[in-house]
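Text of the file query.tsv, holding TSV, N, CA and C atoms:
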```
chain	number	residue	atom	x	y	z
I	1	MET	N	0.86	-1.16	0.00
I	1	MET	CA	0.00	0.00	0.00
I	1	MET	C	0.91	1.23	0.00
I	2	LEU	N	0.70	2.12	-0.97
I	2	LEU	CA	1.48	3.34	-1.08
I	2	LEU	C	0.54	4.52	-0.85
I	3	ILE	N	0.90	5.41	0.06
I	3	ILE	CA	0.05	6.56	0.37
I	3	ILE	C	0.82	7.83	0.04
I	4	THR	N	0.21	8.68	-0.77
I	4	THR	CA	0.80	9.99	-1.07
I	4	THR	C	-0.21	11.06	-0.68
I	5	GLN	N	0.27	12.27	-0.49
I	5	GLN	CA	-0.59	13.38	-0.05
I	5	GLN	C	-0.46	14.51	-1.05
I	6	LYS	N	-1.60	15.16	-1.34
I	6	LYS	CA	-1.58	16.36	-2.16
I	6	LYS	C	-2.69	17.28	-1.68
I	7	GLU	N	-2.55	18.56	-2.01
I	7	GLU	CA	-3.57	19.53	-1.64
I	7	GLU	C	-4.28	19.98	-2.90
I	8	VAL	N	-5.61	19.91	-2.88
I	8	VAL	CA	-6.43	20.29	-4.03
I	8	VAL	C	-7.51	21.23	-3.54
I	9	GLY	N	-7.49	22.47	-3.99
I	9	GLY	CA	-8.53	23.43	-3.61
I	9	GLY	C	-8.66	23.62	-2.12
I	10	GLY	N	-7.56	23.57	-1.39
I	10	GLY	CA	-7.59	23.77	0.05
I	10	GLY	C	-7.94	22.52	0.83
I	11	GLU	N	-8.26	21.42	0.14
I	11	GLU	CA	-8.54	20.16	0.81
I	11	GLU	C	-7.30	19.28	0.72
I	12	ILE	N	-7.10	18.46	1.71
I	12	ILE	CA	-5.98	17.52	1.68
I	12	ILE	C	-6.52	16.19	1.16
I	13	GLN	N	-5.86	15.64	0.16
I	13	GLN	CA	-6.23	14.34	-0.38
I	13	GLN	C	-5.10	13.36	-0.11
I	14	LEU	N	-5.45	12.24	0.49
I	14	LEU	CA	-4.51	11.14	0.63
I	14	LEU	C	-4.87	10.14	-0.46
I	15	VAL	N	-3.90	9.84	-1.31
I	15	VAL	CA	-4.12	8.90	-2.40
I	15	VAL	C	-3.50	7.57	-2.00
I	16	VAL	N	-4.33	6.55	-1.90
I	16	VAL	CA	-3.88	5.23	-1.47
I	16	VAL	C	-3.88	4.31	-2.68
I	17	MET	N	-2.68	3.81	-3.05
I	17	MET	CA	-2.57	2.88	-4.16
I	17	MET	C	-2.36	1.48	-3.58
I	18	ILE	N	-3.20	0.55	-4.01
I	18	ILE	CA	-3.18	-0.80	-3.45
I	18	ILE	C	-2.92	-1.79	-4.57
I	19	GLU	N	-1.90	-2.59	-4.43
I	19	GLU	CA	-1.59	-3.63	-5.42
I	19	GLU	C	-2.60	-4.77	-5.27
I	20	LYS	N	-2.99	-5.36	-6.40
I	20	LYS	CA	-4.02	-6.39	-6.36
I	20	LYS	C	-3.62	-7.63	-5.57
I	21	ASN	N	-2.32	-7.90	-5.46
I	21	ASN	CA	-1.92	-9.12	-4.77
I	21	ASN	C	-2.11	-9.05	-3.25
I	22	ILE	N	-2.38	-7.88	-2.68
I	22	ILE	CA	-2.61	-7.82	-1.23
I	22	ILE	C	-4.08	-7.68	-0.86
I	23	ILE	N	-4.95	-7.62	-1.86
I	23	ILE	CA	-6.38	-7.43	-1.58
I	23	ILE	C	-7.02	-8.73	-1.11
I	24	GLY	N	-6.56	-9.86	-1.60
I	24	GLY	CA	-7.16	-11.14	-1.21
I	24	GLY	C	-8.26	-11.53	-2.18
I	25	ILE	N	-7.90	-11.59	-3.46
I	25	ILE	CA	-8.88	-11.93	-4.50
I	25	ILE	C	-8.93	-13.45	-4.62
I	26	ASP	N	-10.16	-14.00	-4.60
I	26	ASP	CA	-10.33	-15.44	-4.58
I	26	ASP	C	-10.03	-16.12	-5.92
I	27	SER	N	-10.52	-15.58	-7.02
I	27	SER	CA	-10.42	-16.29	-8.29
I	27	SER	C	-9.37	-15.69	-9.21
I	28	GLU	N	-8.81	-16.54	-10.06
I	28	GLU	CA	-7.81	-16.08	-11.04
I	28	GLU	C	-8.46	-15.12	-12.03
I	29	LYS	N	-9.72	-15.38	-12.40
I	29	LYS	CA	-10.44	-14.51	-13.34
I	29	LYS	C	-10.56	-13.10	-12.77
I	30	ALA	N	-10.88	-13.00	-11.48
I	30	ALA	CA	-10.99	-11.69	-10.84
I	30	ALA	C	-9.64	-11.01	-10.80
I	31	LYS	N	-8.57	-11.76	-10.58
I	31	LYS	CA	-7.23	-11.16	-10.53
I	31	LYS	C	-6.88	-10.49	-11.85
I	32	GLU	N	-7.33	-11.10	-12.97
I	32	GLU	CA	-7.04	-10.54	-14.28
I	32	GLU	C	-7.76	-9.21	-14.51
I	33	ARG	N	-8.97	-9.07	-14.00
I	33	ARG	CA	-9.74	-7.86	-14.29
I	33	ARG	C	-9.55	-6.75	-13.26
I	34	VAL	N	-8.86	-7.02	-12.18
I	34	VAL	CA	-8.67	-6.02	-11.14
I	34	VAL	C	-7.28	-5.40	-11.28
I	35	PRO	N	-7.21	-4.15	-11.72
I	35	PRO	CA	-5.91	-3.49	-11.81
I	35	PRO	C	-5.48	-2.98	-10.44
I	36	LYS	N	-4.44	-2.20	-10.43
I	36	LYS	CA	-4.05	-1.51	-9.21
I	36	LYS	C	-5.24	-0.65	-8.78
I	37	THR	N	-5.58	-0.68	-7.52
I	37	THR	CA	-6.74	0.05	-7.01
I	37	THR	C	-6.28	1.35	-6.37
I	38	VAL	N	-6.96	2.43	-6.72
I	38	VAL	CA	-6.63	3.73	-6.17
I	38	VAL	C	-7.84	4.24	-5.38
I	39	VAL	N	-7.60	4.59	-4.11
I	39	VAL	CA	-8.65	5.11	-3.24
I	39	VAL	C	-8.21	6.48	-2.74
I	40	PHE	N	-9.13	7.44	-2.77
I	40	PHE	CA	-8.85	8.80	-2.29
I	40	PHE	C	-9.52	9.01	-0.95
I	41	LEU	N	-8.77	9.50	0.03
I	41	LEU	CA	-9.33	9.96	1.29
I	41	LEU	C	-9.25	11.48	1.25
I	42	ILE	N	-10.38	12.14	1.27
I	42	ILE	CA	-10.42	13.59	1.17
I	42	ILE	C	-10.75	14.17	2.53
I	43	LEU	N	-9.81	14.93	3.06
I	43	LEU	CA	-9.99	15.55	4.37
I	43	LEU	C	-10.51	16.97	4.15
I	44	LEU	N	-11.78	17.17	4.45
I	44	LEU	CA	-12.41	18.47	4.25
I	44	LEU	C	-12.01	19.43	5.36
I	45	HIS	N	-12.26	20.73	5.10
I	45	HIS	CA	-12.01	21.72	6.16
I	45	HIS	C	-12.86	21.32	7.36
I	46	GLY	N	-12.27	21.33	8.52
I	46	GLY	CA	-13.00	20.93	9.72
I	46	GLY	C	-12.74	19.50	10.14
I	47	TYR	N	-11.91	18.75	9.36
I	47	TYR	CA	-11.56	17.40	9.77
I	47	TYR	C	-10.80	17.51	11.09
I	48	PRO	N	-11.03	16.71	12.08
I	48	PRO	CA	-11.75	15.45	12.10
I	48	PRO	C	-13.23	15.56	12.50
I	49	GLU	N	-13.70	16.74	12.88
I	49	GLU	CA	-15.11	16.86	13.24
I	49	GLU	C	-16.01	16.56	12.03
I	50	ILE	N	-15.56	16.94	10.85
I	50	ILE	CA	-16.27	16.60	9.61
I	50	ILE	C	-15.59	15.35	9.06
I	51	PRO	N	-16.34	14.27	8.88
I	51	PRO	CA	-15.72	13.01	8.42
I	51	PRO	C	-15.07	13.17	7.05
I	52	PRO	N	-14.02	12.40	6.79
I	52	PRO	CA	-13.41	12.44	5.46
I	52	PRO	C	-14.32	11.76	4.44
I	53	LYS	N	-14.10	12.04	3.19
I	53	LYS	CA	-14.80	11.34	2.10
I	53	LYS	C	-13.83	10.28	1.59
I	54	VAL	N	-14.35	9.11	1.25
I	54	VAL	CA	-13.53	8.04	0.71
I	54	VAL	C	-14.11	7.69	-0.66
I	55	LEU	N	-13.33	7.96	-1.71
I	55	LEU	CA	-13.77	7.74	-3.09
I	55	LEU	C	-12.77	6.85	-3.80
I	56	THR	N	-13.19	6.24	-4.91
I	56	THR	CA	-12.25	5.48	-5.73
I	56	THR	C	-12.36	5.92	-7.17
I	57	LYS	N	-11.27	5.81	-7.89
I	57	LYS	CA	-11.23	6.09	-9.32
I	57	LYS	C	-10.81	4.84	-10.08
I	58	SER	N	-10.95	3.68	-9.44
I	58	SER	CA	-10.58	2.41	-10.05
I	58	SER	C	-11.83	1.59	-10.31
I	59	ASN	N	-11.88	0.96	-11.47
I	59	ASN	CA	-13.02	0.13	-11.83
I	59	ASN	C	-12.68	-1.32	-11.55
I	60	PHE	N	-13.09	-1.81	-10.39
I	60	PHE	CA	-12.73	-3.17	-10.00
I	60	PHE	C	-13.94	-4.04	-9.71
I	61	CYS	N	-15.15	-3.53	-9.92
I	61	CYS	CA	-16.34	-4.34	-9.66
I	61	CYS	C	-17.51	-3.83	-10.50
I	62	THR	N	-18.59	-4.62	-10.49
I	62	THR	CA	-19.81	-4.25	-11.20
I	62	THR	C	-20.96	-4.32	-10.21
I	63	PRO	N	-21.76	-3.27	-10.06
I	63	PRO	CA	-21.61	-1.97	-10.69
I	63	PRO	C	-20.38	-1.24	-10.15
I	64	THR	N	-19.87	-0.33	-10.95
I	64	THR	CA	-18.66	0.39	-10.59
I	64	THR	C	-18.88	1.29	-9.38
I	65	LEU	N	-17.83	1.52	-8.63
I	65	LEU	CA	-17.89	2.43	-7.49
I	65	LEU	C	-17.16	3.73	-7.78
I	66	MET	N	-16.70	3.91	-9.02
I	66	MET	CA	-15.91	5.09	-9.34
I	66	MET	C	-16.74	6.26	-9.84
I	67	ASP	N	-17.96	6.37	-9.33
I	67	ASP	CA	-18.87	7.42	-9.78
I	67	ASP	C	-19.07	8.52	-8.75
I	68	GLY	N	-18.17	8.63	-7.79
I	68	GLY	CA	-18.23	9.73	-6.83
I	68	GLY	C	-18.92	9.39	-5.52
I	69	ARG	N	-19.33	8.15	-5.34
I	69	ARG	CA	-19.99	7.81	-4.08
I	69	ARG	C	-18.98	7.72	-2.95
I	70	ASP	N	-19.42	8.08	-1.76
I	70	ASP	CA	-18.58	8.06	-0.56
I	70	ASP	C	-18.67	6.68	0.07
I	71	LEU	N	-17.53	6.03	0.25
I	71	LEU	CA	-17.47	4.66	0.75
I	71	LEU	C	-17.11	4.56	2.23
I	72	LEU	N	-17.04	5.69	2.92
I	72	LEU	CA	-16.60	5.70	4.31
I	72	LEU	C	-17.38	4.72	5.19
I	73	ASN	N	-18.70	4.76	5.15
I	73	ASN	CA	-19.50	3.93	6.04
I	73	ASN	C	-19.42	2.44	5.71
I	74	ASP	N	-19.08	2.12	4.47
I	74	ASP	CA	-18.91	0.71	4.11
I	74	ASP	C	-17.54	0.19	4.54
I	75	ILE	N	-16.55	1.06	4.54
I	75	ILE	CA	-15.19	0.67	4.92
I	75	ILE	C	-15.03	0.65	6.44
I	76	CYS	N	-15.59	1.67	7.08
I	76	CYS	CA	-15.40	1.83	8.53
I	76	CYS	C	-16.74	2.23	9.15
I	77	GLN	N	-17.50	1.24	9.55
I	77	GLN	CA	-18.81	1.54	10.14
I	77	GLN	C	-18.62	2.26	11.47
I	78	ASN	N	-19.52	3.18	11.75
I	78	ASN	CA	-19.50	3.95	12.99
I	78	ASN	C	-18.23	4.77	13.16
I	79	TRP	N	-17.74	5.35	12.05
I	79	TRP	CA	-16.54	6.18	12.13
I	79	TRP	C	-16.82	7.39	13.01
I	80	SER	N	-15.84	7.79	13.80
I	80	SER	CA	-15.94	8.99	14.62
I	80	SER	C	-14.58	9.68	14.58
I	81	PRO	N	-14.50	10.94	15.01
I	81	PRO	CA	-13.20	11.61	15.03
I	81	PRO	C	-12.14	10.83	15.81
I	82	LYS	N	-12.56	10.08	16.84
I	82	LYS	CA	-11.60	9.28	17.61
I	82	LYS	C	-11.06	8.11	16.79
I	83	SER	N	-11.82	7.66	15.80
I	83	SER	CA	-11.38	6.53	14.97
I	83	SER	C	-10.16	6.91	14.14
I	84	GLY	N	-10.15	8.12	13.62
I	84	GLY	CA	-9.03	8.60	12.82
I	84	GLY	C	-8.88	7.88	11.49
I	85	LEU	N	-7.80	8.19	10.81
I	85	LEU	CA	-7.54	7.61	9.50
I	85	LEU	C	-7.08	6.16	9.60
I	86	LYS	N	-6.51	5.79	10.71
I	86	LYS	CA	-6.02	4.42	10.89
I	86	LYS	C	-7.15	3.41	10.71
I	87	ALA	N	-8.31	3.70	11.29
I	87	ALA	CA	-9.46	2.79	11.18
I	87	ALA	C	-9.89	2.62	9.72
I	88	ILE	N	-9.83	3.71	8.95
I	88	ILE	CA	-10.20	3.63	7.54
I	88	ILE	C	-9.19	2.78	6.78
I	89	LEU	N	-7.92	3.04	7.00
I	89	LEU	CA	-6.88	2.28	6.30
I	89	LEU	C	-6.93	0.79	6.66
I	90	GLU	N	-7.20	0.49	7.93
I	90	GLU	CA	-7.31	-0.91	8.35
I	90	GLU	C	-8.53	-1.60	7.75
I	91	GLY	N	-9.60	-0.86	7.51
I	91	GLY	CA	-10.81	-1.45	6.95
I	91	GLY	C	-10.83	-1.51	5.43
I	92	MET	N	-9.88	-0.85	4.79
I	92	MET	CA	-9.89	-0.75	3.33
I	92	MET	C	-9.67	-2.09	2.63
I	93	LEU	N	-8.66	-2.85	3.03
I	93	LEU	CA	-8.38	-4.13	2.36
I	93	LEU	C	-9.52	-5.14	2.54
I	94	PRO	N	-10.04	-5.33	3.77
I	94	PRO	CA	-11.18	-6.25	3.90
I	94	PRO	C	-12.38	-5.81	3.06
I	95	PHE	N	-12.63	-4.49	2.99
I	95	PHE	CA	-13.75	-3.98	2.19
I	95	PHE	C	-13.54	-4.31	0.71
I	96	LEU	N	-12.36	-3.99	0.18
I	96	LEU	CA	-12.09	-4.26	-1.24
I	96	LEU	C	-12.19	-5.75	-1.54
I	97	SER	N	-11.69	-6.58	-0.66
I	97	SER	CA	-11.78	-8.02	-0.85
I	97	SER	C	-13.24	-8.47	-0.88
I	98	ARG	N	-14.06	-7.95	0.04
I	98	ARG	CA	-15.49	-8.28	0.08
I	98	ARG	C	-16.18	-7.89	-1.21
I	99	VAL	N	-15.89	-6.68	-1.71
I	99	VAL	CA	-16.55	-6.17	-2.91
I	99	VAL	C	-16.13	-6.98	-4.14
I	100	ILE	N	-14.85	-7.21	-4.28
I	100	ILE	CA	-14.34	-7.92	-5.47
I	100	ILE	C	-14.79	-9.37	-5.49
I	101	ASN	N	-14.86	-10.00	-4.35
I	101	ASN	CA	-15.23	-11.42	-4.28
I	101	ASN	C	-16.73	-11.64	-4.12
I	102	ALA	N	-17.52	-10.58	-4.08
I	102	ALA	CA	-18.96	-10.70	-3.88
I	102	ALA	C	-19.62	-11.43	-5.05
I	103	LYS	N	-20.61	-12.20	-4.72
I	103	LYS	CA	-21.41	-12.89	-5.73
I	103	LYS	C	-22.67	-12.05	-5.98
I	104	GLY	N	-22.94	-11.74	-7.23
I	104	GLY	CA	-24.12	-10.94	-7.55
I	104	GLY	C	-23.88	-9.46	-7.30
I	105	TYR	N	-24.94	-8.69	-7.39
I	105	TYR	CA	-24.86	-7.23	-7.23
I	105	TYR	C	-25.13	-6.82	-5.79
I	106	LYS	N	-24.36	-5.89	-5.32
I	106	LYS	CA	-24.61	-5.28	-4.02
I	106	LYS	C	-24.22	-3.82	-4.18
I	107	PHE	N	-25.01	-2.94	-3.61
I	107	PHE	CA	-24.73	-1.52	-3.74
I	107	PHE	C	-24.02	-1.00	-2.50
I	108	TYR	N	-22.99	-0.24	-2.73
I	108	TYR	CA	-22.17	0.32	-1.67
I	108	TYR	C	-22.14	1.83	-1.79
I	109	GLY	N	-21.82	2.49	-0.70
I	109	GLY	CA	-21.55	3.92	-0.73
I	109	GLY	C	-22.76	4.81	-0.62
I	110	THR	N	-22.46	6.10	-0.46
I	110	THR	CA	-23.47	7.14	-0.33
I	110	THR	C	-23.13	8.22	-1.35
I	111	PHE	N	-24.13	8.63	-2.10
I	111	PHE	CA	-23.89	9.69	-3.08
I	111	PHE	C	-23.95	11.04	-2.41
I	112	HIS	N	-23.13	11.96	-2.89
I	112	HIS	CA	-23.17	13.34	-2.40
I	112	HIS	C	-22.90	14.25	-3.59
I	113	LEU	N	-23.40	15.44	-3.51
I	113	LEU	CA	-23.23	16.39	-4.59
I	113	LEU	C	-22.11	17.38	-4.33
I	114	GLY	N	-21.47	17.30	-3.19
I	114	GLY	CA	-20.43	18.28	-2.88
I	114	GLY	C	-21.05	19.61	-2.53
I	115	ALA	N	-20.60	20.66	-3.18
I	115	ALA	CA	-21.10	22.00	-2.89
I	115	ALA	C	-22.54	22.17	-3.38
I	116	THR	N	-23.31	22.96	-2.67
I	116	THR	CA	-24.68	23.25	-3.07
I	116	THR	C	-24.66	24.12	-4.32
I	117	ILE	N	-25.51	23.79	-5.26
I	117	ILE	CA	-25.58	24.55	-6.50
I	117	ILE	C	-26.89	25.32	-6.51
I	118	ASN	N	-26.80	26.62	-6.73
I	118	ASN	CA	-27.99	27.46	-6.82
I	118	ASN	C	-28.37	27.56	-8.29
I	119	LEU	N	-29.51	26.95	-8.65
I	119	LEU	CA	-29.92	26.93	-10.05
I	119	LEU	C	-30.28	28.30	-10.57
I	120	LYS	N	-30.55	29.26	-9.69
I	120	LYS	CA	-30.84	30.64	-10.13
I	120	LYS	C	-29.67	31.19	-10.94
I	121	ASN	N	-28.45	30.77	-10.62
I	121	ASN	CA	-27.27	31.25	-11.33
I	121	ASN	C	-27.30	30.82	-12.80
I	122	PHE	N	-27.98	29.72	-13.11
I	122	PHE	CA	-28.01	29.21	-14.46
I	122	PHE	C	-29.27	29.64	-15.23
I	123	GLU	N	-30.19	30.28	-14.53
I	123	GLU	CA	-31.46	30.66	-15.14
I	123	GLU	C	-31.25	31.54	-16.37
I	124	SER	N	-30.35	32.51	-16.28
I	124	SER	CA	-30.15	33.42	-17.41
I	124	SER	C	-29.61	32.68	-18.64
I	125	MET	N	-28.81	31.66	-18.42
I	125	MET	CA	-28.29	30.89	-19.57
I	125	MET	C	-29.40	30.06	-20.21
I	126	ILE	N	-30.29	29.53	-19.39
I	126	ILE	CA	-31.35	28.67	-19.90
I	126	ILE	C	-32.41	29.47	-20.62
I	127	VAL	N	-32.83	30.58	-20.02
I	127	VAL	CA	-33.91	31.37	-20.58
I	127	VAL	C	-33.38	32.40	-21.60
I	128	GLY	N	-32.09	32.58	-21.63
I	128	GLY	CA	-31.50	33.53	-22.58
I	128	GLY	C	-31.59	34.98	-22.13
I	129	LYS	N	-31.57	35.21	-20.82
I	129	LYS	CA	-31.63	36.59	-20.30
I	129	LYS	C	-30.29	37.26	-20.44
```

Output the file's structure in the form of structure tokens.
Amino acid sequence: MLITQKEVGGEIQLVVMIEKNIIGIDSEKAKERVPKTVVFLILLHGYPEIPPKVLTKSNFCTPTLMDGRDLLNDICQNWSPKSGLKAILEGMLPFLSRVINAKGYKFYGTFHLGATINLKNFESMIVGK
């Protein structure tokens, strides 16, 4: 597991790269279709009182989880500021193994829109004002 840190728009992102051989993939067929997995831990302003977001940009299962859903509650149930990042990192490999080796479809994660968008700002473009 390789962890790097970068700052994007004032937020701290921890990028976790996980090699497929440490995830615990059961079948050879699954090993072929699972590339290196990349998971982002995004620490928002106010962390640890505001929980981090956990996202992935790797396509390792069906349906895909790389659509912006927050995986924090699936990786680390009952996360609290006292849990810290260690609990998330410790729960990441078992979670990925569960998802990759799952039989059938199961939905994970919570969708979020990020910043609130005020549609009034787009009204003039739509109506041509």

| Distance query 6 Å from (-5.5, 12.4, 5.0) using only C-alpha atoms, result as a list in words |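 Every residue inside that radius is included here: Gln13, Leu14, Leu41 and Leu43 of chain I.
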
| query | What gap, in Å, lies between atom CA of Asn78 of chain I and atom C of Ala102 of chain I? | reply |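 One can read the atom CA of Asn78 of chain I to atom C of Ala102 of chain I distance as 23.7 Å.
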
| task | For each of I:Val15, I:Val99, I:Ile50, I:Leu44, take the minimum atom-to-atom distance to Thr62 of chain I, counting only C-alpha atoms, then give the residue where this is smallest. | result | I:Val99

| task | as a VMD selection string, please: all residues of segment 16-107 of chain I that backbone DSSP puts in strand (DSSP E). | result | chain I and resid 16 to 18 37 to 43 53 to 56

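Closest approach to Gly10 of chain I among I:Thr37, I:His45, I:Asp74, I:Leu89: I:His45, based on all atoms listed in the file.
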
| query | In Å, with one decimal, what is the gap from atom CA of Met66 of chain I to atom CA of Val39 of chain I? | reply |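 So the answer is 9.5 Å.
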